[in-house]
Amino acid sequence: MVMKVDPSKKWTGPVRSYDIIKEGVIAVVVVGLLAAGLSLFFSSPDEPAVTLKSWAMTNPADFAQTATGELAGTTTSAGYGAPYNHAAKGPTLGPLKLQDWAGVRIPVDPAKSFVVEPLLMMNNVDATSSAESWKAATPDQQNKWATAYADALGKVDGATSIPDTKNEFGPVPTMVSSLLVMAKSGALDGALTTSDTPLPTNFTKPLLFLADSEGYFGDLASKQHLGGDQWGVMNETGSWPGQSWLWLFSLWYQIEPFKSSGNADTLVMTLMGLLTLCLALFPVFPFIRKIPYLIPIHRLIWKKWYARKL
Amino acid sequence: MSSSQKNWTARLRKSTLESMEPQDLLPDTQPAYVASWIYVFGVLTLASLIMLIATGLVLTLEGPAWWHGSSVGHFWNSMHLWSVELFFVFMVVHLWGKFWMAAWRGKRTATWVTGVIAFMASIVTALTGYLIQTNFDSQWIATEAKDGFNAMGIGAFFNTLNTGQAILLHVALLPLAVGIIVVWHILLVRRKGVVPPIDNDATLEGGAF
Ligand code: HEM
């Protein structure tokens, strides 16, 4: 028999007894026990944080190269654009330059912030005078020195400094070696986190610097299968489940046209925004709202109800 | 407009206290069709949220770096993590359950939409949680996630590399937002009553479907 019910009207049909508070309390106890069981058996992962010090100790050559890259303006953060600097326009979505429009609200000039300013704080005459001569040079001259040194360093595997036989590197070798000493001592971590306030809660500078490294930070992440092409942020270190609910978000980065697009971030974020909007609109979405009628899984859900004797 | 329609207080009372009977809010009976395992998942999602808040509050007692050096701290961190994992599993089952029940029928669109907002708010809250682990995972996630937010112009205001900002968002603003939207979601369910089964006579809702 067909039973006519208007789902927007208050139910006047048969009822069963039910204790909402008791069910809620039981649910909390069950979830608590489940979580406690999982915690005791599987615990949770905790890979220690890395520092500029651990980077300089583990891979000094990569540190020297990245520091030189900051001076030459060739690293990711040196060429980033908003919200850190004006080096680029950043990704766009057609006419929408969202990243650029938001403006430079977190100013970071990598050459100055990561290298020159920390060197000026060092209690070492070579370090401070090399930084002073860098500051006194024209941008063009600075760029020539840093680019030449970056090339030279790149040619020798594992080198942390190269002698300036042709007198073309200016103060850069001294700057980079001094910064390496500073990083190894741990003082650079302190310098970059306390440059805005003596009580650090903001790690923008050291993290941007670390993320510029090509042979340390990203390598560690790849070993933990955290790379962008390895489903990135939805994974967790070790073999724990991470943010698996980000699977759809991570999926796009694995496939074309997003995978090889320079604009992947904008495209994926926009797509996910649109898909979320669609999800919210399911109740009024022309075809989708009919799917539950076409594929009658509700027959299983309300099996007892449909099977009742009238 | 009559005077009581203009009165803010009267309007608020009508749309809240007077929109529900005590029996709707705390029922001791349910329609006979409310008999399926799928109904348990909404309640389990809510129970996980309660566990999340409780275990999170334990973690606030000694601060974000406590769990690195203390086995008690580590246990509560694990409790918090597994509560999150359970929370999302239950929520996703709940979501798809409600989809196959077409539970938005009978003017329940707002219930569905508040559910979607709760889902999104939970994802952002979870991300900030991952950002404040103060370990390698949080450092890596911060540097990866910044590009997505920057690309949308959001990164200029929500800086994933600013751990202090992430901590405050995660323990104050975002859980409050999730809490409010979930309370609203559940009040909507209680006010409307649980949606009846899809019956053969589906014509009640516009056209052939
Ligand atoms: C924080 C997350 C959420 C919590 C704590 C939550 C909790 C609940 C609870 C306790 C119920 C009543 C019991 C039940 O029918 O299962 C309910 C109903 C409902 N939920 Fe959620 N929910 C959440 C997220 C969602 C999401 C993501 C959606 C869908 C997009 C959704 C859609 C619905 C709908 C449509 C109903 C009404 C069902 C009916 O009238 O029978 N909820 N929710």
# chains A, B, ... in the order shown; residues from 1 in each chain; ligands from 1
>>> closest_atom_pairs(of="chain B", to="ligand 1", cutoff="6 Å", atoms="only C-alpha atoms and all ligand atoms", output="tab-separated table")
residue	atom	partner	partner_atom_place_in_ligand_line	distance
B:Tyr39	CA	ligand 1	16 (O)	4.0
B:Val40	CA	ligand 1	16 (O)	5.7
B:Phe41	CA	ligand 1	16 (O)	5.4
B:Gly42	CA	ligand 1	16 (O)	3.5
B:Val43	CA	ligand 1	10 (C)	4.2
B:Thr45	CA	ligand 1	5 (C)	4.6
B:Leu46	CA	ligand 1	5 (C)	3.8
B:Met91	CA	ligand 1	24 (C)	5.6
B:Leu95	CA	ligand 1	29 (C)	4.2
B:Lys98	CA	ligand 1	35 (C)	5.3
B:Ala103	CA	ligand 1	35 (C)	4.6
B:Trp104	CA	ligand 1	35 (C)	5.2
B:Thr111	CA	ligand 1	35 (C)	5.1
B:Trp112	CA	ligand 1	35 (C)	4.1
B:Gly115	CA	ligand 1	26 (C)	3.4
B:Val116	CA	ligand 1	30 (C)	4.2
B:Ala118	CA	ligand 1	1 (C)	5.0
B:Phe119	CA	ligand 1	27 (C)	4.7
B:Val182	CA	ligand 1	5 (C)	5.6
B:Ile186	CA	ligand 1	9 (C)	5.6
B:Val189	CA	ligand 1	37 (C)	5.4
B:Val194	CA	ligand 1	40 (O)	3.8
B:Val195	CA	ligand 1	40 (O)	4.0
>>> write_last_selection(atoms="N, CA and C atoms", output="tab-separated table (two decimals), in the first residue's frame")
chain	number	residue	atom	x	y	z
B	39	TYR	N	21.00	5.94	11.54
B	39	TYR	CA	20.73	7.06	12.45
B	39	TYR	C	21.79	7.22	13.52
B	40	VAL	N	22.50	6.15	13.78
B	40	VAL	CA	23.48	6.20	14.86
B	40	VAL	C	24.67	7.12	14.49
B	41	PHE	N	24.90	7.27	13.17
B	41	PHE	CA	26.12	7.98	12.78
B	41	PHE	C	26.11	9.47	13.09
B	42	GLY	N	24.94	10.11	13.01
B	42	GLY	CA	24.86	11.51	13.41
B	42	GLY	C	25.24	11.65	14.88
B	43	VAL	N	24.68	10.74	15.69
B	43	VAL	CA	24.94	10.78	17.13
B	43	VAL	C	26.42	10.47	17.41
B	45	THR	N	28.90	11.07	15.38
B	45	THR	CA	29.68	12.25	14.99
B	45	THR	C	29.68	13.26	16.13
B	46	LEU	N	28.50	13.46	16.70
B	46	LEU	CA	28.37	14.41	17.80
B	46	LEU	C	29.19	13.94	19.01
B	91	MET	N	31.27	11.17	10.28
B	91	MET	CA	30.61	12.26	9.57
B	91	MET	C	30.37	11.92	8.11
B	95	LEU	N	26.93	11.75	6.27
B	95	LEU	CA	26.63	12.56	5.08
B	95	LEU	C	26.02	11.71	3.97
B	98	LYS	N	22.56	10.42	4.74
B	98	LYS	CA	21.53	11.44	4.55
B	98	LYS	C	21.28	11.69	3.07
B	103	ALA	N	17.51	13.24	2.67
B	103	ALA	CA	17.01	13.76	3.94
B	103	ALA	C	16.77	15.27	3.92
B	104	TRP	N	16.93	15.88	2.74
B	104	TRP	CA	16.62	17.31	2.63
B	104	TRP	C	15.15	17.54	2.29
B	111	THR	N	18.97	22.10	6.99
B	111	THR	CA	19.67	21.08	7.77
B	111	THR	C	20.85	20.56	6.98
B	112	TRP	N	20.61	20.27	5.70
B	112	TRP	CA	21.68	19.78	4.83
B	112	TRP	C	22.79	20.82	4.71
B	115	GLY	N	24.87	21.16	7.63
B	115	GLY	CA	25.76	19.99	7.68
B	115	GLY	C	26.99	20.21	6.82
B	116	VAL	N	26.80	20.72	5.60
B	116	VAL	CA	27.95	20.96	4.71
B	116	VAL	C	28.88	22.01	5.32
B	118	ALA	N	29.26	22.61	8.47
B	118	ALA	CA	29.94	21.95	9.59
B	118	ALA	C	31.12	21.12	9.07
B	119	PHE	N	30.91	20.44	7.96
B	119	PHE	CA	31.94	19.62	7.33
B	119	PHE	C	33.15	20.50	6.97
B	182	VAL	N	27.07	23.21	14.61
B	182	VAL	CA	26.54	21.88	14.94
B	182	VAL	C	25.29	21.99	15.81
B	186	ILE	N	21.60	20.58	14.73
B	186	ILE	CA	20.82	19.62	15.52
B	186	ILE	C	19.48	20.22	15.94
B	189	VAL	N	17.20	19.80	13.12
B	189	VAL	CA	16.68	18.43	13.03
B	189	VAL	C	15.56	18.23	14.06
B	194	VAL	N	12.51	13.95	12.42
B	194	VAL	CA	13.30	13.15	11.49
B	194	VAL	C	12.52	12.91	10.20
B	195	VAL	N	13.18	13.07	9.09
B	195	VAL	CA	12.49	12.99	7.79
B	195	VAL	C	11.89	11.59	7.59
>>> interface_residues(of="chain A", to="chain B", cutoff="7 Å", atoms="only C-alpha atoms", output="ChimeraX atom specification")
/A:2-4,6-8,10-11,13-20,24,27-28,31-32,35-36,38-39,43-44,46-50,83,91,98-99,102,105-106,201-204,207,211,233,236-237,265-266,269,280,283,290,292,297-298,301-302,305
>>> select_by_dssp(residues="stretch 152-187 of chain A", states="helix (DSSP H, G or I)", output="PyMOL selection string")
chain A and resi 152-155+172-185+187
>>> closest_residue(among="A:Thr12, A:Ala264, A:Gln224, A:Val156", to="A:Thr92", atoms="only C-alpha atoms")
A:Ala264
>>> atom_distance(atom1="atom CA of A:Thr160", atom2="atom CA of A:Ala87")
27.2 Å
>>> closest_residue(among="B:His185, B:His170, B:Arg190, B:Lys6", to="B:Ile132", atoms="only C-alpha atoms")
B:His170
>>> residues_around(residues="A:Thr74", least_positions_apart="2", cutoff="12 Å", atoms="only C-alpha atoms", output="PyMOL selection string")
chain A and resi 65-72+76-80+87+110-111+143+146-147+150-151+212-213
>>> residues_around(residues="A:Asn59", least_positions_apart="6", cutoff="9 Å", atoms="only C-alpha atoms", output="mmCIF file with all heavy atoms, in the first residue's frame")
data_model
loop_
_atom_site.group_PDB
_atom_site.id
_atom_site.type_symbol
_atom_site.label_atom_id
_atom_site.label_comp_id
_atom_site.auth_asym_id
_atom_site.auth_seq_id
_atom_site.Cartn_x
_atom_site.Cartn_y
_atom_site.Cartn_z
ATOM 1 N N GLY A 158 79.032 19.007 -3.148
ATOM 2 C CA GLY A 158 79.316 19.011 -1.721
ATOM 3 C C GLY A 158 80.115 20.195 -1.221
ATOM 4 O O GLY A 158 80.508 20.229 -0.055
ATOM 5 N N GLY A 215 67.871 20.106 -0.986
ATOM 6 C CA GLY A 215 68.398 18.792 -0.631
ATOM 7 C C GLY A 215 68.170 18.409 0.814
ATOM 8 O O GLY A 215 68.847 17.531 1.340
ATOM 9 N N TYR A 216 67.217 19.073 1.499
ATOM 10 C CA TYR A 216 67.039 18.721 2.907
ATOM 11 C C TYR A 216 65.569 18.572 3.277
ATOM 12 O O TYR A 216 65.051 17.462 3.391
ATOM 13 C CB TYR A 216 67.724 19.760 3.788
ATOM 14 C CG TYR A 216 67.607 19.462 5.271
ATOM 15 C CD1 TYR A 216 68.219 18.337 5.817
ATOM 16 C CD2 TYR A 216 66.869 20.290 6.111
ATOM 17 C CE1 TYR A 216 68.090 18.047 7.173
ATOM 18 C CE2 TYR A 216 66.747 20.009 7.473
ATOM 19 C CZ TYR A 216 67.363 18.888 7.989
ATOM 20 O OH TYR A 216 67.240 18.605 9.323
#
>>> atom_distance(atom1="atom CA of A:Asp189", atom2="atom CA of A:Leu52")
5.9 Å
>>> decode(residues="stretch 185-228 of chain A", atoms="N, CA and C atoms", output="tab-separated table (two decimals), in the first residue's frame")
chain	number	residue	atom	x	y	z
A	185	SER	N	75.62	26.90	14.73
A	185	SER	CA	75.60	27.18	16.17
A	185	SER	C	74.17	27.27	16.71
A	186	GLY	N	73.19	27.35	15.80
A	186	GLY	CA	71.80	27.51	16.25
A	186	GLY	C	71.37	28.96	16.36
A	187	ALA	N	72.35	29.87	16.21
A	187	ALA	CA	72.02	31.29	16.40
A	187	ALA	C	71.10	31.83	15.29
A	188	LEU	N	71.20	31.23	14.10
A	188	LEU	CA	70.36	31.72	13.00
A	188	LEU	C	68.88	31.44	13.27
A	189	ASP	N	68.59	30.27	13.87
A	189	ASP	CA	67.20	29.97	14.22
A	189	ASP	C	66.65	31.06	15.14
A	190	GLY	N	67.47	31.41	16.12
A	190	GLY	CA	67.04	32.46	17.05
A	190	GLY	C	66.87	33.79	16.34
A	191	ALA	N	67.85	34.12	15.47
A	191	ALA	CA	67.81	35.42	14.80
A	191	ALA	C	66.55	35.56	13.93
A	192	LEU	N	66.19	34.50	13.20
A	192	LEU	CA	65.05	34.61	12.29
A	192	LEU	C	63.71	34.59	13.01
A	193	THR	N	63.65	33.95	14.18
A	193	THR	CA	62.36	33.92	14.87
A	193	THR	C	62.16	35.13	15.77
A	194	THR	N	63.26	35.79	16.14
A	194	THR	CA	63.10	36.91	17.07
A	194	THR	C	63.26	38.27	16.38
A	195	SER	N	63.31	38.27	15.05
A	195	SER	CA	63.55	39.56	14.38
A	195	SER	C	62.36	40.51	14.52
A	196	ASP	N	61.15	39.97	14.72
A	196	ASP	CA	59.99	40.85	14.87
A	196	ASP	C	59.62	41.08	16.32
A	197	THR	N	59.80	40.05	17.14
A	197	THR	CA	59.48	40.17	18.55
A	197	THR	C	60.38	39.21	19.32
A	198	PRO	N	60.76	39.57	20.54
A	198	PRO	CA	61.66	38.69	21.29
A	198	PRO	C	60.99	37.40	21.76
A	199	LEU	N	59.65	37.34	21.75
A	199	LEU	CA	58.97	36.12	22.16
A	199	LEU	C	58.31	35.49	20.94
A	200	PRO	N	59.01	34.58	20.28
A	200	PRO	CA	58.54	34.13	18.98
A	200	PRO	C	57.32	33.21	19.03
A	201	THR	N	56.33	33.51	18.18
A	201	THR	CA	55.22	32.59	17.94
A	201	THR	C	55.04	32.42	16.44
A	202	ASN	N	55.88	33.13	15.68
A	202	ASN	CA	55.69	33.17	14.23
A	202	ASN	C	56.95	32.63	13.55
A	203	PHE	N	56.80	31.56	12.76
A	203	PHE	CA	57.95	30.90	12.16
A	203	PHE	C	58.03	31.08	10.65
A	204	THR	N	57.42	32.17	10.18
A	204	THR	CA	57.38	32.41	8.74
A	204	THR	C	58.78	32.41	8.12
A	205	LYS	N	59.71	33.16	8.71
A	205	LYS	CA	61.03	33.30	8.08
A	205	LYS	C	61.81	31.99	8.06
A	206	PRO	N	62.04	31.33	9.20
A	206	PRO	CA	62.81	30.09	9.11
A	206	PRO	C	62.14	29.03	8.24
A	207	LEU	N	60.80	28.99	8.25
A	207	LEU	CA	60.13	27.96	7.44
A	207	LEU	C	60.23	28.26	5.95
A	208	LEU	N	60.14	29.54	5.58
A	208	LEU	CA	60.30	29.88	4.16
A	208	LEU	C	61.72	29.53	3.71
A	209	PHE	N	62.69	29.83	4.56
A	209	PHE	CA	64.09	29.55	4.23
A	209	PHE	C	64.28	28.03	4.08
A	210	LEU	N	63.80	27.27	5.05
A	210	LEU	CA	63.89	25.81	4.99
A	210	LEU	C	63.22	25.25	3.73
A	211	ALA	N	62.07	25.81	3.40
A	211	ALA	CA	61.32	25.30	2.26
A	211	ALA	C	62.04	25.60	0.95
A	212	ASP	N	62.97	26.58	0.97
A	212	ASP	CA	63.75	26.87	-0.24
A	212	ASP	C	64.83	25.82	-0.49
A	213	SER	N	65.15	25.04	0.52
A	213	SER	CA	66.24	24.06	0.37
A	213	SER	C	65.86	23.00	-0.65
A	214	GLU	N	66.85	22.56	-1.39
A	214	GLU	CA	66.54	21.55	-2.40
A	214	GLU	C	67.00	20.17	-1.99
A	215	GLY	N	67.87	20.11	-0.99
A	215	GLY	CA	68.40	18.79	-0.63
A	215	GLY	C	68.17	18.41	0.81
A	216	TYR	N	67.22	19.07	1.50
A	216	TYR	CA	67.04	18.72	2.91
A	216	TYR	C	65.57	18.57	3.28
A	217	PHE	N	64.89	19.71	3.40
A	217	PHE	CA	63.52	19.70	3.90
A	217	PHE	C	62.60	18.84	3.03
A	218	GLY	N	62.63	19.12	1.72
A	218	GLY	CA	61.78	18.37	0.80
A	218	GLY	C	62.15	16.89	0.74
A	219	ASP	N	63.46	16.61	0.85
A	219	ASP	CA	63.92	15.21	0.85
A	219	ASP	C	63.36	14.45	2.04
A	220	LEU	N	63.42	15.11	3.21
A	220	LEU	CA	62.89	14.47	4.42
A	220	LEU	C	61.41	14.17	4.23
A	221	ALA	N	60.71	15.13	3.61
A	221	ALA	CA	59.27	14.96	3.40
A	221	ALA	C	59.01	13.80	2.43
A	222	SER	N	59.81	13.73	1.35
A	222	SER	CA	59.61	12.65	0.39
A	222	SER	C	59.82	11.29	1.03
A	223	LYS	N	60.81	11.22	1.93
A	223	LYS	CA	61.05	9.96	2.63
A	223	LYS	C	59.85	9.57	3.47
A	224	GLN	N	59.08	10.57	3.91
A	224	GLN	CA	57.87	10.30	4.71
A	224	GLN	C	56.63	10.31	3.82
A	225	HIS	N	56.84	10.12	2.52
A	225	HIS	CA	55.76	10.18	1.52
A	225	HIS	C	54.81	11.36	1.73
A	226	LEU	N	55.39	12.53	1.93
A	226	LEU	CA	54.57	13.72	2.12
A	226	LEU	C	54.64	14.68	0.94
A	227	GLY	N	55.38	14.31	-0.12
A	227	GLY	CA	55.56	15.21	-1.25
A	227	GLY	C	54.23	15.52	-1.93
A	228	GLY	N	54.20	16.68	-2.61
A	228	GLY	CA	52.98	17.09	-3.31
A	228	GLY	C	52.54	16.04	-4.32
